[in-house]
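Pasting my_file_35.txt here (compact mmCIF, C-alpha atoms):
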# COMPACT_ATOMS: atom_id res chain seq x y z
CA MET A 170 68.32 -210.56 5.89
CA LEU A 171 71.62 -208.76 6.44
CA ILE A 172 74.54 -209.76 4.21
CA ARG A 173 78.17 -208.80 4.75
CA THR A 174 80.79 -209.10 2.00
CA ARG A 175 84.26 -207.91 1.13
CA MET A 176 82.89 -205.70 -1.63
CA VAL A 177 79.68 -204.63 -3.36
CA LEU A 178 79.40 -203.32 -6.90
CA PRO A 179 76.01 -201.58 -6.63
CA GLY A 180 75.72 -200.89 -10.36
CA ASN A 181 74.95 -197.20 -9.94
CA ARG A 182 77.82 -196.14 -7.64
CA PRO A 183 81.51 -196.92 -7.17
CA PRO A 184 82.50 -200.18 -5.41
CA ILE A 185 81.94 -200.32 -1.65
CA GLU A 186 84.55 -202.12 0.47
CA ASP A 187 83.63 -204.02 3.66
CA ALA A 188 80.04 -203.69 2.58
CA ALA A 189 76.59 -204.86 3.57
CA VAL A 190 73.21 -205.33 1.91
CA ALA A 191 70.06 -205.27 4.02
CA ILE A 192 66.97 -206.97 2.56
CA ALA A 193 63.33 -207.33 3.59
CA HIS A 194 60.19 -208.54 1.79
CA GLY A 195 62.11 -209.24 -1.41
CA ARG A 196 63.48 -205.69 -1.67
CA VAL A 197 66.78 -203.99 -0.89
CA LEU A 198 66.51 -201.83 2.22
CA SER A 199 70.02 -200.43 2.24
CA VAL A 200 73.46 -200.86 0.64
CA GLY A 201 76.65 -199.36 2.05
CA LYS A 202 79.56 -199.74 4.43
CA TRP A 203 79.09 -202.55 6.91
CA SER A 204 79.48 -200.27 9.91
CA ARG A 205 76.69 -197.96 8.72
CA VAL A 206 74.18 -200.54 7.46
CA ARG A 207 74.59 -202.73 10.55
CA ARG A 208 74.02 -199.78 12.85
CA HIS A 209 70.65 -199.06 11.23
CA THR A 210 69.45 -202.66 10.88
CA GLY A 211 71.07 -204.71 13.65
CA GLY A 212 70.22 -208.38 14.19
CA ARG A 213 71.98 -211.47 12.89
CA HIS A 214 73.87 -211.37 9.63
CA LEU A 215 75.31 -213.65 6.98
CA ASP A 216 79.02 -213.11 6.37
CA LEU A 217 79.99 -214.11 2.83
CA GLY A 218 83.68 -213.55 3.50
CA GLU A 219 86.05 -212.86 0.60
CA THR A 220 83.41 -212.26 -2.04
CA LEU A 221 82.12 -209.67 -4.48
CA VAL A 222 78.37 -208.99 -4.56
CA LEU A 223 76.81 -207.37 -7.60
CA PRO A 224 73.32 -207.03 -9.08
CA GLY A 225 71.85 -210.09 -10.74
CA LEU A 226 72.62 -209.97 -14.46
CA VAL A 227 69.87 -209.05 -16.93
CA ASN A 228 69.92 -210.94 -20.23
CA ALA A 229 68.32 -208.66 -22.83
CA HIS A 230 67.84 -211.33 -25.51
CA CYS A 231 67.64 -215.10 -25.44
CA HIS A 232 65.96 -218.06 -27.15
CA LEU A 233 65.71 -220.66 -24.38
CA ASP A 234 63.72 -222.96 -26.67
CA TYR A 235 66.80 -223.58 -28.81
CA THR A 236 69.38 -224.40 -26.10
CA ALA A 237 69.68 -228.10 -26.99
CA MET A 238 70.27 -227.23 -30.65
CA ALA A 239 73.84 -226.23 -29.78
CA GLY A 240 76.24 -227.44 -32.46
CA LEU A 241 73.50 -228.83 -34.71
CA ILE A 242 73.79 -226.13 -37.39
CA PRO A 243 77.33 -225.30 -38.53
CA PRO A 244 78.15 -221.72 -39.58
CA MET A 245 77.07 -221.13 -43.18
CA ARG A 246 78.13 -218.71 -45.87
CA SER A 247 74.56 -217.55 -46.36
CA PHE A 248 72.38 -216.19 -43.54
CA THR A 249 69.34 -217.10 -45.63
CA ASP A 250 70.47 -220.74 -45.72
CA TRP A 251 70.90 -220.63 -41.95
CA ILE A 252 67.31 -219.36 -41.55
CA LYS A 253 66.08 -222.23 -43.71
CA SER A 254 68.08 -224.73 -41.63
CA ILE A 255 66.81 -223.64 -38.23
CA THR A 256 63.24 -223.42 -39.53
CA ALA A 257 63.49 -227.00 -40.79
CA LEU A 258 65.07 -228.20 -37.53
CA LYS A 259 62.36 -226.59 -35.39
CA GLY A 260 59.76 -228.36 -37.48
CA THR A 261 61.12 -231.76 -36.42
CA TRP A 262 61.01 -231.08 -32.65
CA SER A 263 58.29 -232.19 -30.27
CA ASP A 264 56.93 -230.14 -27.37
CA ALA A 265 58.84 -232.40 -24.98
CA GLU A 266 62.11 -231.54 -26.71
CA PHE A 267 61.37 -227.82 -26.51
CA VAL A 268 60.50 -228.15 -22.81
CA SER A 269 63.74 -229.98 -22.02
CA SER A 270 65.75 -227.46 -24.05
CA TRP A 271 64.10 -224.47 -22.36
CA LYS A 272 64.68 -225.83 -18.86
CA SER A 273 68.32 -226.64 -19.64
CA GLY A 274 68.91 -223.08 -20.87
CA ALA A 275 67.24 -221.55 -17.83
CA ASP A 276 69.47 -223.63 -15.55
CA MET A 277 72.58 -222.50 -17.44
CA LEU A 278 71.58 -218.86 -17.08
CA LEU A 279 70.85 -219.23 -13.38
CA HIS A 280 74.24 -220.78 -12.57
CA SER A 281 76.09 -218.19 -14.67
CA GLY A 282 74.59 -215.22 -12.86
CA THR A 283 71.50 -214.19 -14.82
CA THR A 284 68.50 -213.37 -12.65
CA THR A 285 66.26 -211.71 -15.29
CA VAL A 286 65.94 -212.82 -18.92
CA ALA A 287 64.07 -211.44 -21.93
CA ASP A 288 63.23 -214.67 -23.73
CA VAL A 289 61.66 -214.96 -27.18
CA GLU A 290 59.12 -217.76 -26.97
CA ALA A 291 58.45 -219.66 -30.20
CA VAL A 292 56.22 -222.30 -28.53
CA PRO A 293 53.91 -220.21 -26.34
CA ASN A 294 51.55 -223.08 -25.52
CA LEU A 295 54.25 -224.31 -23.13
CA LEU A 296 53.67 -221.27 -20.92
CA PRO A 297 53.03 -220.68 -18.03
CA ASP A 298 54.11 -224.17 -16.95
CA LEU A 299 57.71 -223.48 -17.94
CA TRP A 300 57.84 -220.39 -15.73
CA LYS A 301 57.18 -222.60 -12.71
CA THR A 302 60.33 -224.64 -13.36
CA THR A 303 62.83 -221.83 -12.69
CA PRO A 304 63.40 -219.10 -10.11
CA LEU A 305 64.52 -216.74 -12.90
CA ARG A 306 62.53 -213.63 -13.67
CA VAL A 307 61.45 -214.56 -17.20
CA ILE A 308 59.87 -212.01 -19.50
CA SER A 309 58.46 -214.05 -22.38
CA PHE A 310 58.12 -212.28 -25.73
CA LEU A 311 55.64 -214.18 -27.89
CA GLU A 312 57.12 -214.61 -31.35
CA MET A 313 55.15 -213.75 -34.48
CA THR A 314 56.02 -214.14 -38.15
CA GLY A 315 53.49 -214.38 -40.97
CA VAL A 316 55.27 -214.42 -44.32
CA ARG A 317 55.31 -218.16 -44.99
CA SER A 318 51.91 -218.79 -43.41
CA ARG A 319 50.36 -215.94 -45.45
CA ARG A 320 47.88 -215.36 -42.62
CA ASP A 321 46.09 -212.08 -42.08
CA PRO A 322 48.23 -209.89 -39.76
CA ARG A 323 45.09 -208.94 -37.82
CA GLN A 324 44.42 -212.60 -37.06
CA ILE A 325 48.03 -213.25 -36.04
CA LEU A 326 48.06 -210.28 -33.67
CA ALA A 327 44.61 -211.01 -32.24
CA GLU A 328 45.56 -214.60 -31.34
CA THR A 329 48.92 -213.61 -29.86
CA ALA A 330 47.53 -210.66 -27.91
CA SER A 331 44.73 -212.84 -26.53
CA ARG A 332 47.29 -215.37 -25.30
CA ALA A 333 49.45 -212.60 -23.83
CA ARG A 334 46.50 -211.16 -21.92
CA ARG A 335 45.69 -214.60 -20.46
CA LEU A 336 49.32 -215.07 -19.39
CA ARG A 337 49.76 -211.61 -17.94
CA GLY A 338 49.99 -211.67 -14.16
CA ARG A 339 50.82 -215.39 -14.05
CA GLY A 340 54.57 -214.91 -14.36
CA THR A 341 57.24 -212.25 -14.34
CA GLY A 342 56.28 -210.52 -17.55
CA ILE A 343 55.02 -210.77 -21.10
CA GLY A 344 55.70 -208.97 -24.37
CA LEU A 345 55.41 -209.28 -28.15
CA SER A 346 58.11 -210.27 -30.63
CA PRO A 347 57.35 -209.57 -34.27
CA HIS A 348 60.36 -211.52 -35.49
CA ALA A 349 62.01 -209.27 -38.10
CA LEU A 350 61.26 -206.99 -41.03
CA TYR A 351 61.90 -209.76 -43.52
CA SER A 352 59.74 -212.36 -41.75
CA THR A 353 56.75 -210.16 -40.93
CA THR A 354 54.77 -207.48 -42.71
CA PRO A 355 54.50 -203.73 -42.12
CA ALA A 356 50.88 -204.26 -41.08
CA LEU A 357 51.85 -206.74 -38.36
CA LEU A 358 54.48 -204.36 -37.01
CA ARG A 359 52.00 -201.48 -36.83
CA LEU A 360 49.37 -203.65 -35.13
CA SER A 361 51.93 -204.96 -32.64
CA LEU A 362 52.96 -201.45 -31.67
CA GLN A 363 49.33 -200.45 -31.14
CA ALA A 364 48.77 -203.47 -28.90
CA ALA A 365 51.98 -202.80 -26.97
CA ARG A 366 50.89 -199.24 -26.24
CA ARG A 367 47.42 -200.35 -25.26
CA HIS A 368 48.59 -203.06 -22.84
CA ASP A 369 51.94 -201.57 -21.73
CA TRP A 370 53.99 -204.37 -23.31
CA ARG A 371 57.56 -204.28 -24.56
CA LEU A 372 58.54 -205.32 -28.08
CA VAL A 373 61.50 -207.40 -29.31
CA THR A 374 62.40 -207.43 -33.01
CA HIS A 375 65.53 -208.58 -34.85
CA VAL A 376 66.76 -205.60 -36.88
CA ALA A 377 69.54 -205.33 -39.48
CA GLU A 378 71.01 -208.60 -38.29
CA SER A 379 72.60 -209.68 -41.57
CA LEU A 380 73.99 -208.13 -44.73
CA GLU A 381 71.45 -210.19 -46.68
CA GLU A 382 68.59 -208.60 -44.73
CA PHE A 383 70.13 -205.16 -45.26
CA ASP A 384 70.44 -205.77 -49.02
CA MET A 385 66.86 -207.00 -49.20
CA ILE A 386 65.33 -204.02 -47.41
CA ARG A 387 67.68 -201.29 -48.66
CA HIS A 388 68.47 -202.45 -52.20
CA ALA A 389 65.77 -205.03 -53.11
CA ARG A 390 68.40 -207.60 -54.01
CA GLY A 391 70.35 -210.58 -52.70
CA PRO A 392 69.68 -214.18 -51.62
CA MET A 393 67.08 -213.29 -48.98
CA PHE A 394 65.18 -211.05 -51.38
CA ASP A 395 65.14 -213.73 -54.08
CA TRP A 396 64.10 -216.48 -51.65
CA LEU A 397 61.23 -214.56 -50.11
CA ARG A 398 60.01 -213.29 -53.47
CA ARG A 399 59.83 -216.90 -54.66
CA ASN A 400 57.77 -217.60 -51.54
CA GLU A 401 55.33 -214.89 -52.63
CA ARG A 402 56.18 -212.34 -49.95
CA ASP A 403 54.98 -208.86 -50.90
CA MET A 404 58.29 -207.08 -51.60
CA ALA A 405 56.81 -203.60 -51.96
CA ASP A 406 58.55 -202.49 -48.74
CA CYS A 407 62.00 -203.22 -50.22
CA GLY A 408 64.40 -200.94 -52.10
CA ARG A 409 63.55 -197.73 -50.29
CA CYS A 410 65.80 -197.25 -47.25
CA SER A 411 67.73 -199.06 -44.51
CA PRO A 412 65.98 -201.47 -42.12
CA VAL A 413 66.21 -198.91 -39.30
CA ALA A 414 64.82 -196.14 -41.49
CA GLN A 415 62.04 -198.49 -42.60
CA LEU A 416 61.02 -199.00 -38.97
CA GLU A 417 61.17 -195.26 -38.40
CA ARG A 418 58.80 -194.74 -41.35
CA LEU A 419 56.39 -197.21 -39.72
CA GLY A 420 56.56 -195.31 -36.42
CA TYR A 421 58.01 -198.45 -34.84
CA LEU A 422 61.10 -196.91 -33.22
CA ASN A 423 59.98 -196.15 -29.68
CA ARG A 424 60.98 -196.64 -26.05
CA ARG A 425 59.19 -200.00 -25.89
CA LEU A 426 61.36 -201.56 -28.59
CA LEU A 427 64.39 -203.75 -27.98
CA ALA A 428 66.01 -203.76 -31.43
CA VAL A 429 68.21 -206.85 -31.51
CA HIS A 430 71.53 -207.05 -33.42
CA LEU A 431 71.73 -203.77 -35.46
CA ASN A 432 74.86 -204.99 -37.20
CA TYR A 433 74.37 -203.09 -40.46
CA LEU A 434 73.58 -199.38 -40.20
CA THR A 435 73.67 -196.47 -42.61
CA PRO A 436 74.75 -192.95 -41.57
CA GLY A 437 71.91 -191.47 -39.58
CA ASP A 438 70.44 -194.80 -38.40
CA ALA A 439 71.88 -194.42 -34.89
CA ARG A 440 70.31 -190.97 -34.58
CA LEU A 441 66.95 -192.36 -35.67
CA LEU A 442 67.13 -195.05 -32.98
CA ALA A 443 68.08 -192.51 -30.33
CA ARG A 444 65.38 -190.06 -31.38
CA GLY A 445 62.74 -192.76 -31.17
CA GLY A 446 64.02 -194.04 -27.82
CA ALA A 447 64.58 -197.61 -29.03
CA HIS A 448 67.08 -199.80 -27.17
CA ALA A 449 69.87 -201.77 -28.88
CA VAL A 450 70.74 -205.36 -27.97
CA HIS A 451 74.06 -206.86 -29.06
CA CYS A 452 74.88 -210.58 -28.78
CA PRO A 453 78.69 -210.85 -29.07
CA ARG A 454 79.11 -214.61 -29.49
CA SER A 455 76.29 -214.80 -32.04
CA HIS A 456 77.92 -211.86 -33.84
CA ASP A 457 81.15 -213.85 -34.04
CA TYR A 458 79.34 -217.00 -35.22
CA PHE A 459 78.09 -215.18 -38.32
CA ARG A 460 81.34 -213.22 -38.82
CA HIS A 461 79.48 -209.92 -39.10
CA GLN A 462 81.28 -206.64 -39.61
CA PRO A 463 82.34 -204.91 -36.34
CA PHE A 464 79.39 -204.01 -34.14
CA PRO A 465 78.82 -200.20 -34.23
CA TYR A 466 78.90 -199.77 -30.45
CA SER A 467 80.61 -196.38 -30.35
CA ARG A 468 78.32 -194.95 -33.01
CA LEU A 469 75.22 -196.04 -31.09
CA VAL A 470 76.50 -194.73 -27.75
CA ARG A 471 77.56 -191.39 -29.20
CA ALA A 472 74.06 -190.98 -30.62
CA GLY A 473 72.56 -191.65 -27.18
CA VAL A 474 71.19 -195.17 -27.74
CA ASN A 475 70.84 -197.41 -24.69
CA VAL A 476 72.94 -200.51 -25.53
CA CYS A 477 72.51 -203.90 -23.82
CA LEU A 478 73.94 -207.41 -24.19
CA GLY A 479 72.14 -210.69 -24.67
CA THR A 480 73.15 -214.31 -25.14
CA ASP A 481 70.93 -215.07 -28.15
CA SER A 482 70.75 -218.90 -28.37
CA LEU A 483 73.37 -221.62 -28.29
CA VAL A 484 72.58 -222.40 -31.93
CA THR A 485 74.74 -219.40 -32.82
CA VAL A 486 77.72 -220.04 -30.56
CA ARG A 487 80.75 -221.65 -32.16
CA LYS A 488 81.33 -225.08 -30.62
CA ALA A 489 84.59 -226.95 -30.87
CA ARG A 490 84.52 -230.75 -30.78
CA HIS A 491 84.09 -232.07 -27.22
CA GLU A 492 83.68 -228.50 -25.93
CA ALA A 493 80.86 -227.72 -23.51
CA ILE A 494 79.20 -224.37 -24.12
CA ALA A 495 76.52 -222.64 -22.07
CA LEU A 496 74.27 -219.62 -22.04
CA ASP A 497 76.45 -217.27 -20.03
CA LEU A 498 76.45 -213.46 -19.87
CA PHE A 499 79.98 -213.48 -18.45
CA ALA A 500 81.11 -215.22 -21.66
CA GLU A 501 79.30 -212.51 -23.64
CA MET A 502 81.03 -209.78 -21.63
CA ARG A 503 84.42 -211.36 -22.21
CA ALA A 504 83.72 -211.60 -25.94
CA PHE A 505 82.61 -207.96 -25.99
CA ALA A 506 85.73 -206.87 -24.09
CA ARG A 507 87.97 -208.62 -26.63
CA ALA A 508 86.21 -206.90 -29.52
CA HIS A 509 86.04 -203.48 -27.79
CA PRO A 510 89.16 -203.23 -25.60
CA ALA A 511 88.80 -199.47 -25.07
CA VAL A 512 85.44 -199.77 -23.30
CA PRO A 513 85.89 -199.56 -19.47
CA ALA A 514 84.86 -202.59 -17.44
CA ALA A 515 82.26 -200.58 -15.52
CA ASP A 516 80.58 -199.65 -18.81
CA ILE A 517 80.56 -203.30 -19.90
CA LEU A 518 78.88 -204.31 -16.63
CA ALA A 519 76.19 -201.70 -17.30
CA LEU A 520 75.38 -203.55 -20.53
CA VAL A 521 74.12 -206.52 -18.47
CA THR A 522 72.71 -204.70 -15.44
CA HIS A 523 71.43 -201.11 -15.49
CA ASN A 524 70.97 -200.75 -19.27
CA PRO A 525 68.79 -203.84 -19.90
CA GLY A 526 66.82 -203.10 -16.74
CA ARG A 527 65.94 -199.76 -18.28
CA ALA A 528 65.20 -201.33 -21.68
CA LEU A 529 62.72 -203.74 -20.12
CA GLY A 530 60.92 -200.99 -18.24
CA LEU A 531 62.39 -202.22 -14.96
CA GLY A 532 64.90 -199.44 -14.38
CA GLY A 533 65.69 -199.00 -10.71
CA ARG A 534 64.13 -202.38 -9.94
CA VAL A 535 66.50 -204.89 -11.56
CA GLY A 536 70.14 -204.56 -12.58
CA THR A 537 70.99 -202.39 -9.60
CA LEU A 538 71.49 -202.68 -5.84
CA ARG A 539 69.90 -199.69 -4.18
CA ALA A 540 67.09 -199.03 -1.73
CA GLY A 541 63.78 -200.15 -3.19
CA ALA A 542 65.23 -202.39 -5.89
CA ALA A 543 64.37 -206.06 -6.16
CA ALA A 544 66.68 -208.14 -3.97
CA ASP A 545 68.37 -209.81 -6.95
CA LEU A 546 72.10 -210.29 -6.46
CA ILE A 547 74.90 -212.69 -7.28
CA VAL A 548 78.07 -213.56 -5.43
CA LEU A 549 81.56 -214.13 -6.88
CA PRO A 550 84.74 -215.15 -5.04
CA TYR A 551 86.97 -212.09 -4.70
CA ALA A 552 89.93 -210.92 -2.66
CA GLY A 553 91.09 -207.94 -4.74
CA THR A 554 90.90 -204.17 -4.46
CA THR A 555 88.11 -201.74 -5.35
CA SER A 556 89.98 -200.56 -8.45
CA GLU A 557 90.09 -204.10 -9.83
CA ALA A 558 86.54 -205.17 -8.96
CA ALA A 559 84.74 -204.28 -12.19
CA GLU A 560 87.46 -205.83 -14.33
CA ALA A 561 87.38 -209.00 -12.24
CA ALA A 562 83.60 -209.24 -12.59
CA VAL A 563 83.68 -208.81 -16.38
CA HIS A 564 86.29 -211.55 -16.75
CA HIS A 565 84.79 -213.99 -14.25
CA GLN A 566 84.61 -217.58 -15.46
CA GLY A 567 82.60 -220.45 -14.06
CA ALA A 568 79.49 -220.69 -11.94
CA VAL A 569 78.56 -217.97 -9.48
CA SER A 570 78.99 -218.76 -5.78
CA ALA A 571 75.40 -217.82 -4.94
CA SER A 572 72.33 -216.18 -6.43
CA LEU A 573 69.50 -214.37 -4.67
CA ILE A 574 66.27 -213.58 -6.58
CA GLY A 575 63.50 -211.61 -4.95
CA GLY A 576 65.10 -212.09 -1.54
CA ALA A 577 65.19 -215.91 -1.81
CA TRP A 578 68.32 -217.96 -2.43
CA ALA A 579 68.09 -219.51 -5.90
CA ILE A 580 71.65 -220.80 -5.37
CA PRO A 581 72.42 -220.82 -1.64
CA PRO A 582 75.85 -219.63 -0.48
CA VAL A 583 78.27 -222.09 1.08
CA ASP A 584 81.12 -221.69 3.55
CA THR A 585 79.57 -218.64 5.17
CA ARG A 586 80.06 -217.40 8.71
CA PRO A 587 76.76 -216.59 10.52
Go ahead and express the file in the form of structure tokens.
Amino acid sequence: MLIRTRMVLPGNRPPIEDAAVAIAHGRVLSVGKWSRVRRHTGGRHLDLGETLVLPGLVNAHCHLDYTAMAGLIPPMRSFTDWIKSITALKGTWSDAEFVSSWKSGADMLLHSGTTTVADVEAVPNLLPDLWKTTPLRVISFLEMTGVRSRRDPRQILAETASRARRLRGRGTGIGLSPHALYSTTPALLRLSLQAARRHDWRLVTHVAESLEEFDMIRHARGPMFDWLRRNERDMADCGRCSPVAQLERLGYLNRRLLAVHLNYLTPGDARLLARGGAHAVHCPRSHDYFRHQPFPYSRLVRAGVNVCLGTDSLVTVRKARHEAIALDLFAEMRAFARAHPAVPAADILALVTHNPGRALGLGGRVGTLRAGAAADLIVLPYAGTTSEAAEAAVHHQGAVSASLIGGAWAIPPVDTRP
């Protein structure tokens, strides 16, 4: 396949005008000026006209299971009360409702430009059948808790790891998601890390998401601390240090970890994350839903932390009456740009392309258009200049014009000139 377009944003180089992408066997063969790529490939081509081609977007954190819960839980003053509410709501849902919700979320992501998603799976018995319903590259992180169930961490990990091994090779990817410090135990985190190293899995954990979590772990106080103590959680790990420092003490900060949220940090936390090689995932619309303090983006970047964006779930997106909302990384980029106006558009695009590709262990394969990478790309209407391309991509609204995943059209282009 040979594609011609007005412009390509490769993700690792400046924009290319009058550009072409050559593809074979699901991989990118070449990206460059039309005159050069055509000379080396020849044959028929697909002319996409006045369009911008860029790498398929990589969503570093999502909960597809919860898509249809949009608007069902209003913002609350207490994060602990919100946790109680979503836990209760999940308990009323059937497998059929989770399936429908998951599929709806995957469709939203596909039409808004995502081609790879790191999804936390709370109902793992629905896999791998769900993978077959979407062309997306889905990396499913099997969620684990253990505080309320009071089950032995070794049993929890053994069952989850056994399921992960059975699923491995039947889809795009698999990983483990010990939910959070407050909802798991130190033993489960240590065991999860050992399993991840043994099987080459990635880890997703919510870290320092709320002030109530921070107060619980750092100061042994607050609504979350009181609630979990009443539920007979062992609180011996509280009152010592920050959530990030607690994970560092456990040896949990490592290159396999996608640490999600990181809204509340103490001085030195960013350096600990960078030293361990952990990746940060920020979800701008979820951040706004909870009215957290400003996300410490600059502090993390200065320390050398790889920062990515994710959509989280639609449960934590503010919904006005009669407003339709969707899982959409472009909406997350726009929200991030409003909150961080000094960050260049090209750097914002990296948060949903190159950076999450690296975090997921897929660097050079997804989130970029270069020789050898997976042929995952999306197409946007565009008639502007090279200097405006990144800004236009960040602020794009609406469905993408086309989406190619693994060299196959997931959303075929229209109005093209063969």
- Query: Taking into account only C-alpha atoms, which residue in the set A:His523, A:Arg440, A:Arg454, A:Arg503 is nearest to Arg468 (chain A)?
  - Reply: A:Arg440
Region 212-218 of chain A: which residues within 12 Å, counting only C-alpha atoms, same-chain residues fewer than 2 positions away excluded, as an mmCIF file with C-alpha atoms, in the coordinates of the input?
data_model
loop_
_atom_site.group_PDB
_atom_site.id
_atom_site.type_symbol
_atom_site.label_atom_id
_atom_site.label_comp_id
_atom_site.auth_asym_id
_atom_site.auth_seq_id
_atom_site.Cartn_x
_atom_site.Cartn_y
_atom_site.Cartn_z
ATOM 1 C CA MET A 170 68.320 -210.560 5.890
ATOM 2 C CA LEU A 171 71.620 -208.760 6.440
ATOM 3 C CA ILE A 172 74.540 -209.760 4.210
ATOM 4 C CA ARG A 173 78.170 -208.800 4.750
ATOM 5 C CA THR A 174 80.790 -209.100 2.000
ATOM 6 C CA ARG A 175 84.260 -207.910 1.130
ATOM 7 C CA MET A 176 82.890 -205.700 -1.630
ATOM 8 C CA VAL A 177 79.680 -204.630 -3.360
ATOM 9 C CA GLU A 186 84.550 -202.120 0.470
ATOM 10 C CA ASP A 187 83.630 -204.020 3.660
ATOM 11 C CA ALA A 188 80.040 -203.690 2.580
ATOM 12 C CA ALA A 189 76.590 -204.860 3.570
ATOM 13 C CA VAL A 190 73.210 -205.330 1.910
ATOM 14 C CA ALA A 191 70.060 -205.270 4.020
ATOM 15 C CA ILE A 192 66.970 -206.970 2.560
ATOM 16 C CA TRP A 203 79.090 -202.550 6.910
ATOM 17 C CA VAL A 206 74.180 -200.540 7.460
ATOM 18 C CA ARG A 207 74.590 -202.730 10.550
ATOM 19 C CA ARG A 208 74.020 -199.780 12.850
ATOM 20 C CA HIS A 209 70.650 -199.060 11.230
ATOM 21 C CA THR A 210 69.450 -202.660 10.880
ATOM 22 C CA THR A 220 83.410 -212.260 -2.040
ATOM 23 C CA LEU A 221 82.120 -209.670 -4.480
ATOM 24 C CA VAL A 222 78.370 -208.990 -4.560
ATOM 25 C CA ILE A 547 74.900 -212.690 -7.280
ATOM 26 C CA VAL A 548 78.070 -213.560 -5.430
ATOM 27 C CA LEU A 549 81.560 -214.130 -6.880
ATOM 28 C CA PRO A 550 84.740 -215.150 -5.040
ATOM 29 C CA TYR A 551 86.970 -212.090 -4.700
ATOM 30 C CA ALA A 552 89.930 -210.920 -2.660
ATOM 31 C CA SER A 570 78.990 -218.760 -5.780
ATOM 32 C CA ALA A 571 75.400 -217.820 -4.940
ATOM 33 C CA PRO A 581 72.420 -220.820 -1.640
ATOM 34 C CA PRO A 582 75.850 -219.630 -0.480
ATOM 35 C CA VAL A 583 78.270 -222.090 1.080
ATOM 36 C CA ASP A 584 81.120 -221.690 3.550
ATOM 37 C CA THR A 585 79.570 -218.640 5.170
ATOM 38 C CA ARG A 586 80.060 -217.400 8.710
ATOM 39 C CA PRO A 587 76.760 -216.590 10.520
#
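CA of Val376 (chain A) is positioned 25.2 Å from CA of Pro510 (chain A).
Going from CA of Ser199 (chain A) to CA of Ala540 (chain A) covers 5.1 Å.
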- At what distance in Å, to one decimal, does CA of Pro436 (chain A) lie from CA of His388 (chain A)? 15.6 Å
Please determine an axis-aligned box that encloses all atoms of region 243-252 of chain A listed in the file, with 6 Å added on each side, and express its centre and edge lengths in Å to one decimal as AutoDock Vina command-line options.
--center_x 72.7 --center_y -220.7 --center_z -42.4 --size_x 22.8 --size_y 21.1 --size_z 19.8
- May I ask which of the residues A:Phe248, A:Tyr235, A:Phe310, A:Phe267 is the closest one to Phe383 (chain A), counting only C-alpha atoms? A:Phe248
- Query: Residues at most 10 Å from Arg534 (chain A), counting all atoms listed in the file, excluding those fewer than 5 positions away in the same chain, as a ChimeraX atom specification?
  - Reply: /A:196-197,523,526-527,539-545
Could you add whatever atoms are missing so that region 297-308 of chain A carries N, CA and C atoms, then write the result as a tab-separated table (two decimals), keeping the file's coordinate frame?
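Result saved to selection.tsv:
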chain	number	residue	atom	x	y	z
A	297	PRO	N	52.06	-221.15	-19.04
A	297	PRO	CA	53.03	-220.68	-18.03
A	297	PRO	C	53.75	-221.80	-17.29
A	298	ASP	N	53.51	-223.06	-17.69
A	298	ASP	CA	54.11	-224.17	-16.95
A	298	ASP	C	55.63	-224.06	-16.87
A	299	LEU	N	56.25	-223.60	-17.95
A	299	LEU	CA	57.71	-223.48	-17.94
A	299	LEU	C	58.18	-222.47	-16.90
A	300	TRP	N	57.43	-221.40	-16.72
A	300	TRP	CA	57.84	-220.39	-15.73
A	300	TRP	C	58.00	-221.01	-14.34
A	301	LYS	N	57.18	-222.00	-14.05
A	301	LYS	CA	57.18	-222.60	-12.71
A	301	LYS	C	58.42	-223.45	-12.46
A	302	THR	N	59.19	-223.74	-13.51
A	302	THR	CA	60.33	-224.64	-13.36
A	302	THR	C	61.63	-223.92	-13.02
A	303	THR	N	61.60	-222.58	-12.95
A	303	THR	CA	62.83	-221.83	-12.69
A	303	THR	C	62.57	-220.66	-11.77
A	304	PRO	N	63.54	-220.31	-10.93
A	304	PRO	CA	63.40	-219.10	-10.11
A	304	PRO	C	63.71	-217.82	-10.86
A	305	LEU	N	64.19	-217.93	-12.11
A	305	LEU	CA	64.52	-216.74	-12.90
A	305	LEU	C	63.30	-215.85	-13.09
A	306	ARG	N	63.55	-214.56	-13.20
A	306	ARG	CA	62.53	-213.63	-13.67
A	306	ARG	C	62.53	-213.73	-15.20
A	307	VAL	N	61.52	-214.34	-15.76
A	307	VAL	CA	61.45	-214.56	-17.20
A	307	VAL	C	60.39	-213.65	-17.80
A	308	ILE	N	60.81	-212.80	-18.72
A	308	ILE	CA	59.87	-212.01	-19.50
A	308	ILE	C	59.77	-212.67	-20.87
